[in-house]
Amino acid sequence: MKDSISSCIGQLQESIIALEQGSGDINAILKAMGLDNAQMRSAQIIALMDMLSDGITPISPELVTSLLDISEAQKKFFYCIGGLLDKGGAAADSRKETEPAQNQASASSIEPDEYEQEMMAEMLAMTGESPDPSDGWEKVDKTPTGLGTEDPGKSEIKQEPEETSDPEMETSAAAKKVSDEEIVSKQPAPSKKKDSQAISSIRVSTQQLDSLIELVGKLMVTYAVIAQTKAENISKISSSLSELDKVIRNLQSEVDEIRLVPLKQIFMPMHRLVKSTSQKLNKRIKFTITGEELALDKTIVECLNEPLVHLLRNALDHGIESAEDRQMYGKDEMGSVHLNAFRKGEFAYIEITDDGKGLDADVLLKKALERGLASPDTEYSKEEIYAFILQSGFSTASAVTDISGRGVGMDAVVAAIQNTLDGKISIRSELGEGSTFSIAIPLSRSVNEGIVDALVTTVGPETFIFPSREVLEVYEPVAKEFTDLPDGRETVSVRGKVRPLIRMYKVFDLPAPAADIIPKVILVKLGDTIAAILVDEVLRQQKAVVTGFTLPVNTIYKLPILGFGMMGEHDALVVDTETLIASYMDDPV
């Protein structure tokens, strides 16, 4: 039901957005929204509606925004009567209740966290999800409920002179604040993103279902042939096993196809993000999208919401100049922001381009030198200088506002793209002409679930699996290549390059390997970090089915384990290399 409502409203919003580009039909939209036959007792209102339907009233950005707001309200109405409305994070309601205060204040007084949560709530609604009250949504939810219908302007005046408020109400409010802070502090940070952005359902065509049923039938037939074949008939068993392998591979391919989600699902809400932000900044923006039909695995799409929000808000706030500045520079008063997605080889690319003022390499380099991020004796290319803004907290004085800032929140973008998706972020910019932020993401699926290529290893009596896509090579070191550092860490020289060393038996408190065992080093890459993991033996590479634990093992034992991998005769633990390397960097074993 929820998917059907979201789909219908999504199609309606596409038609509304097309109005601004001159390709929509206002009468069809009014009819779809039930406004063509609205019973109004005012002749003036009826005349206004007639002027709109007859094309006398021009289509303005404000009108498009209003129609989008009405469509969102209709979606909530259908959710409500269907019993699907989640009361955990009423982000849209909170926005409307705080609008009077926002109109009186400047655009830079907007709370970034609240606004970002609002837009994330809208994007989650597009994917059929609702915000989880335990995932940090208390801030958006409790502000309007605490204010009620009070005038926001009056509440600011009361803060200084008023001291006669009810003490019981103050006590209860303080107690609620403390309890809310305790709840938020208990939430683990890594799981927050994954839970809040998860896609709960995917549309599957009947053709794909038919293909799955056919493959399952072949699987059953092949199994029956193997089961009925006598042990002496080795050739027939071998032929059947070959057929079985072919069917399984086809089945995996079909499942991977089903998991694909079009980027349109998260690109559509970006129209509302751009419109709302541009109005608050008092800027005219022409926002265009291409490549929204590109389909990626759902685990990739789930991780793209937050980075896109950060990058778009940066482009709107600091990339695009004000209308006055653009006129002074001889530019069109309306700024342009373009969101593009395309596939090239085994990578998916997402680009956000603006025609704003661009990045000043000299200013960025000066700030990097002040922070100690750059060396005064080194010559940097423009691309290397632009990369400094991806550092945590890096910003310039002129680039910091409450809405966004070049560098404010960019570390979150880096964490999501490089660490979670193993992607890369590149920046191209010309001063006075604009900037392009490009995200390159490998199309290989996340190893958190599903069938993966695995490197099977042993450490003492235990068997561990490393996802093959994270492994660069396997190396057999000699004793002289190991080095102990003063801080307790170890390094190993691999083909002349020194890498940080992690001994698996120390991480999992297993017995030290025997003296006659020649250990192997597995080089794994996580973002820009390459580390060496020491194991006793590397057995083989094979397919494994990765599944999660039924109990919260990671929460109880704090181990770098994704789950367990089923390999046929026995299971093995799947190593979470991201957590393993991160924990080693913070606290060496």
# chains A, B, ... in the order shown; residues from 1 in each chain; ligands from 1

$ select_by_dssp --residues "stretch 472-559 of chain A" --states "helix (DSSP H, G or I)" --output "PyMOL selection string"
chain A and resi 479-481+504-507+553-557

$ residues_around --residues "A:Ile439" --least-positions-apart "5" --cutoff "6 Å" --atoms "only C-alpha atoms" --output "VMD selection string"
chain A and resid 349 to 350 424 to 425

$ write_last_selection --atoms "C-alpha atoms" --output "CSV table (one decimal), in the first residue's frame"
chain,number,residue,atom,x,y,z
A,349,TYR,CA,29.6,8.4,-11.9
A,350,ILE,CA,27.5,11.1,-10.2
A,424,LYS,CA,36.4,8.4,-5.0
A,425,ILE,CA,35.5,12.1,-5.0

$ residues_around --residues "stretch 354-358 of chain A" --least-positions-apart "5" --cutoff "6 Å" --atoms "only C-alpha atoms" --output "PDB file with C-alpha atoms, in the first residue's frame"
ATOM      1  CA  GLY A 319      28.774  27.877  -5.406  1.00  0.00           C
ATOM      2  CA  ILE A 320      26.031  30.102  -6.836  1.00  0.00           C
ATOM      3  CA  GLU A 321      26.457  33.844  -6.309  1.00  0.00           C
ATOM      4  CA  SER A 336      22.397  26.765 -12.897  1.00  0.00           C
ATOM      5  CA  VAL A 337      22.921  23.526 -10.958  1.00  0.00           C
ATOM      6  CA  SER A 429      36.757  24.117 -10.834  1.00  0.00           C
ATOM      7  CA  GLU A 430      37.506  27.320 -12.713  1.00  0.00           C
ATOM      8  CA  LEU A 431      37.497  30.559 -10.752  1.00  0.00           C
ATOM      9  CA  GLY A 432      34.527  32.639 -11.822  1.00  0.00           C
ATOM     10  CA  GLU A 433      33.007  29.873 -13.963  1.00  0.00           C
ATOM     11  CA  GLY A 434      31.847  27.174 -11.555  1.00  0.00           C
ATOM     12  CA  SER A 435      32.707  23.819 -10.003  1.00  0.00           C
TER      13      SER A 435
END

$ select_by_dssp --residues "stretch 472-554 of chain A" --states "strand (DSSP E)" --output "number ranges by chain"
A: 472-475, 482-484, 490-494, 497-503, 520-526, 529-535, 537-547

$ write_last_selection --atoms "N, CA and C atoms" --output "compact mmCIF listing (two decimals), in the first residue's frame"
# COMPACT_ATOMS: atom_id res chain seq x y z
N LEU A 472 44.04 -6.70 -2.31
CA LEU A 472 44.93 -6.31 -3.40
C LEU A 472 45.84 -7.46 -3.81
N GLU A 473 46.46 -8.10 -2.83
CA GLU A 473 47.34 -9.23 -3.13
C GLU A 473 47.63 -10.00 -1.85
N VAL A 474 48.17 -11.20 -2.03
CA VAL A 474 48.62 -12.03 -0.91
C VAL A 474 50.13 -12.13 -1.01
N TYR A 475 50.81 -11.89 0.10
CA TYR A 475 52.27 -11.81 0.10
C TYR A 475 52.83 -12.67 1.24
N PHE A 482 59.62 -7.32 8.98
CA PHE A 482 58.76 -6.86 10.06
C PHE A 482 59.51 -5.84 10.90
N THR A 483 58.80 -4.78 11.36
CA THR A 483 59.39 -3.73 12.18
C THR A 483 58.43 -3.36 13.30
N ASP A 484 58.96 -3.23 14.52
CA ASP A 484 58.17 -2.78 15.67
C ASP A 484 58.35 -1.28 15.85
N GLU A 490 53.01 -2.30 14.54
CA GLU A 490 53.98 -3.03 13.73
C GLU A 490 53.79 -2.66 12.27
N THR A 491 54.85 -2.77 11.52
CA THR A 491 54.76 -2.56 10.08
C THR A 491 55.45 -3.72 9.37
N VAL A 492 55.13 -3.87 8.10
CA VAL A 492 55.78 -4.88 7.27
C VAL A 492 56.08 -4.26 5.92
N SER A 493 57.24 -4.58 5.39
CA SER A 493 57.63 -4.07 4.08
C SER A 493 57.18 -5.05 3.01
N VAL A 494 56.31 -4.58 2.14
CA VAL A 494 55.78 -5.39 1.05
C VAL A 494 56.26 -4.79 -0.27
N LYS A 497 57.46 -1.22 0.04
CA LYS A 497 56.55 -0.23 0.62
C LYS A 497 56.13 -0.68 2.02
N VAL A 498 56.25 0.24 2.98
CA VAL A 498 55.94 -0.08 4.37
C VAL A 498 54.44 0.06 4.60
N ARG A 499 53.84 -1.01 5.16
CA ARG A 499 52.40 -1.03 5.43
C ARG A 499 52.15 -1.31 6.91
N PRO A 500 51.12 -0.71 7.50
CA PRO A 500 50.76 -1.07 8.88
C PRO A 500 50.32 -2.53 8.95
N LEU A 501 50.75 -3.22 10.01
CA LEU A 501 50.51 -4.67 10.13
C LEU A 501 49.51 -4.94 11.24
N ILE A 502 48.54 -5.81 10.96
CA ILE A 502 47.54 -6.25 11.93
C ILE A 502 47.62 -7.77 12.03
N ARG A 503 47.92 -8.27 13.23
CA ARG A 503 47.99 -9.72 13.44
C ARG A 503 46.62 -10.22 13.89
N LYS A 520 51.13 -15.59 6.12
CA LYS A 520 50.85 -14.87 4.88
C LYS A 520 50.28 -13.50 5.23
N VAL A 521 50.59 -12.53 4.40
CA VAL A 521 50.09 -11.16 4.56
C VAL A 521 49.07 -10.89 3.46
N ILE A 522 47.90 -10.42 3.88
CA ILE A 522 46.86 -10.04 2.92
C ILE A 522 46.80 -8.52 2.88
N LEU A 523 47.07 -7.94 1.73
CA LEU A 523 46.99 -6.49 1.57
C LEU A 523 45.56 -6.11 1.20
N VAL A 524 44.94 -5.28 2.03
CA VAL A 524 43.56 -4.83 1.77
C VAL A 524 43.57 -3.31 1.65
N LYS A 525 42.67 -2.80 0.84
CA LYS A 525 42.57 -1.36 0.61
C LYS A 525 41.22 -0.87 1.07
N LEU A 526 41.24 0.20 1.87
CA LEU A 526 40.02 0.83 2.34
C LEU A 526 40.15 2.32 2.12
N THR A 529 43.63 4.08 2.38
CA THR A 529 44.47 3.34 3.32
C THR A 529 44.69 1.91 2.84
N ILE A 530 45.95 1.50 2.85
CA ILE A 530 46.31 0.11 2.52
C ILE A 530 46.98 -0.49 3.75
N ALA A 531 46.45 -1.60 4.24
CA ALA A 531 46.98 -2.25 5.44
C ALA A 531 47.28 -3.71 5.14
N ALA A 532 48.18 -4.27 5.95
CA ALA A 532 48.56 -5.68 5.82
C ALA A 532 47.99 -6.46 6.99
N ILE A 533 47.28 -7.53 6.69
CA ILE A 533 46.67 -8.37 7.72
C ILE A 533 47.36 -9.73 7.70
N LEU A 534 47.89 -10.14 8.85
CA LEU A 534 48.66 -11.37 8.94
C LEU A 534 47.77 -12.54 9.33
N VAL A 535 47.78 -13.61 8.53
CA VAL A 535 47.03 -14.83 8.81
C VAL A 535 47.99 -16.02 8.74
N GLU A 537 47.36 -19.03 7.15
CA GLU A 537 47.36 -19.69 5.84
C GLU A 537 46.21 -19.17 4.99
N VAL A 538 46.45 -19.06 3.69
CA VAL A 538 45.42 -18.72 2.72
C VAL A 538 45.06 -20.00 1.98
N LEU A 539 43.79 -20.44 2.13
CA LEU A 539 43.38 -21.72 1.58
C LEU A 539 43.00 -21.63 0.11
N ARG A 540 42.04 -20.78 -0.20
CA ARG A 540 41.52 -20.74 -1.57
C ARG A 540 40.61 -19.52 -1.73
N GLN A 541 40.14 -19.34 -2.94
CA GLN A 541 39.15 -18.31 -3.24
C GLN A 541 37.90 -18.99 -3.78
N GLN A 542 36.75 -18.63 -3.21
CA GLN A 542 35.51 -19.27 -3.65
C GLN A 542 34.33 -18.36 -3.33
N LYS A 543 33.16 -18.74 -3.83
CA LYS A 543 31.93 -18.01 -3.54
C LYS A 543 31.46 -18.37 -2.13
N ALA A 544 30.89 -17.39 -1.45
CA ALA A 544 30.34 -17.62 -0.12
C ALA A 544 29.07 -16.79 0.04
N VAL A 545 28.12 -17.32 0.78
CA VAL A 545 26.87 -16.62 1.06
C VAL A 545 27.01 -15.94 2.42
N VAL A 546 26.98 -14.62 2.43
CA VAL A 546 27.17 -13.85 3.66
C VAL A 546 25.81 -13.53 4.27
N THR A 547 25.65 -13.89 5.52
CA THR A 547 24.42 -13.57 6.25
C THR A 547 24.79 -12.98 7.60

$ closest_residue --among "A:Leu365, A:Ala47, A:Leu273, A:Leu12" --to "A:Glu379" --atoms "only C-alpha atoms"
A:Leu365

$ closest_residue --among "A:Arg259, A:Lys218, A:Arg326, A:Lys2" --to "A:Tyr79" --atoms "only C-alpha atoms"
A:Lys2

$ closest_residue --among "A:Met567, A:Ala412, A:Leu263, A:Leu510" --to "A:Val452" --atoms "only C-alpha atoms"
A:Met567

$ atom_distance --atom1 "atom CA of A:Asn233" --atom2 "atom CA of A:Ile213"
29.5 Å

$ atom_distance --atom1 "atom CA of A:Pro513" --atom2 "atom CA of A:His570"
22.3 Å

$ atom_distance --atom1 "atom CA of A:Leu551" --atom2 "atom CA of A:Phe464"
19.2 Å

$ residues_around --residues "A:Thr420" --least-positions-apart "3" --cutoff "10 Å" --atoms "only C-alpha atoms" --output "compact mmCIF listing (two decimals) with N, CA and C atoms, in the first residue's frame"
# COMPACT_ATOMS: atom_id res chain seq x y z
N THR A 299 22.15 -1.24 -2.02
CA THR A 299 23.08 -0.87 -0.96
C THR A 299 23.89 0.37 -1.34
N ILE A 300 24.08 0.61 -2.63
CA ILE A 300 24.76 1.82 -3.08
C ILE A 300 23.83 3.01 -2.99
N CYS A 303 23.27 4.65 0.40
CA CYS A 303 24.36 5.45 0.97
C CYS A 303 24.55 6.79 0.26
N VAL A 414 32.95 12.20 2.51
CA VAL A 414 34.11 11.33 2.28
C VAL A 414 33.91 9.97 2.93
N ALA A 415 33.39 9.97 4.17
CA ALA A 415 33.18 8.71 4.89
C ALA A 415 32.19 7.82 4.14
N ALA A 416 31.12 8.42 3.62
CA ALA A 416 30.10 7.63 2.92
C ALA A 416 30.60 7.12 1.58
N ILE A 417 31.32 7.95 0.84
CA ILE A 417 31.75 7.58 -0.51
C ILE A 417 32.99 6.70 -0.49
N GLY A 423 34.41 4.37 -3.04
CA GLY A 423 34.44 5.24 -4.20
C GLY A 423 35.46 6.36 -4.05
N SER A 446 27.83 -4.31 -2.18
CA SER A 446 28.32 -4.35 -0.81
C SER A 446 28.36 -5.78 -0.30
N LEU A 526 41.24 0.20 1.87
CA LEU A 526 40.02 0.83 2.34
C LEU A 526 40.15 2.32 2.12
N GLY A 527 39.47 2.86 1.11
CA GLY A 527 39.64 4.25 0.75
C GLY A 527 41.06 4.47 0.26
N GLU A 578 36.84 -2.77 7.25
CA GLU A 578 36.72 -1.34 7.57
C GLU A 578 36.85 -1.11 9.07

$ closest_residue --among "A:Leu68, A:Met1, A:Met504, A:Met328" --to "A:Cys80" --atoms "only C-alpha atoms"
A:Met1

$ closest_residue --among "A:Lys264, A:Lys480, A:Arg495, A:Lys75" --to "A:Asn340" --atoms "only C-alpha atoms"
A:Lys264

$ closest_residue --among "A:Val204, A:Ala515, A:Val456, A:Val507" --to "A:Leu559" --atoms "only C-alpha atoms"
A:Val507

$ residues_around --residues "A:Glu346" --least-positions-apart "2" --cutoff "10 Å" --atoms "only C-alpha atoms" --output "ChimeraX atom specification"
/A:343-344,348,440-444

$ write_last_selection --atoms "C-alpha atoms" --output "PDB file, in the first residue's frame"
ATOM      1  CA  ARG A 343      27.940   4.603 -16.138  1.00  0.00           C
ATOM      2  CA  LYS A 344      31.392   4.099 -17.613  1.00  0.00           C
ATOM      3  CA  ALA A 348      28.989   4.687 -11.827  1.00  0.00           C
ATOM      4  CA  ALA A 440      32.980   7.566  -8.839  1.00  0.00           C
ATOM      5  CA  ILE A 441      31.511   4.388  -7.335  1.00  0.00           C
ATOM      6  CA  PRO A 442      32.512   0.804  -8.220  1.00  0.00           C
ATOM      7  CA  LEU A 443      29.485  -1.220  -9.264  1.00  0.00           C
ATOM      8  CA  SER A 444      30.424  -4.261  -7.186  1.00  0.00           C
TER       9      SER A 444
END

$ decode --residues "stretch 461-478 of chain A" --atoms "C-alpha atoms" --output "mmCIF file, in the first residue's frame"
data_model
loop_
_atom_site.group_PDB
_atom_site.id
_atom_site.type_symbol
_atom_site.label_atom_id
_atom_site.label_comp_id
_atom_site.auth_asym_id
_atom_site.auth_seq_id
_atom_site.Cartn_x
_atom_site.Cartn_y
_atom_site.Cartn_z
ATOM 1 C CA PRO A 461 41.807 -23.252 14.719
ATOM 2 C CA GLU A 462 39.445 -20.695 13.148
ATOM 3 C CA THR A 463 38.520 -20.004 9.531
ATOM 4 C CA PHE A 464 38.016 -16.418 8.348
ATOM 5 C CA ILE A 465 36.717 -14.968 5.101
ATOM 6 C CA PHE A 466 37.930 -11.735 3.493
ATOM 7 C CA PRO A 467 35.786 -10.214 0.709
ATOM 8 C CA SER A 468 37.914 -10.520 -2.435
ATOM 9 C CA ARG A 469 37.028 -7.072 -3.770
ATOM 10 C CA GLU A 470 38.925 -5.500 -0.859
ATOM 11 C CA VAL A 471 42.046 -7.671 -1.328
ATOM 12 C CA LEU A 472 44.926 -6.311 -3.404
ATOM 13 C CA GLU A 473 47.338 -9.227 -3.126
ATOM 14 C CA VAL A 474 48.619 -12.027 -0.911
ATOM 15 C CA TYR A 475 52.275 -11.812 0.104
ATOM 16 C CA GLU A 476 54.618 -14.125 1.985
ATOM 17 C CA PRO A 477 56.981 -11.935 4.068
ATOM 18 C CA VAL A 478 60.312 -12.850 5.646
#
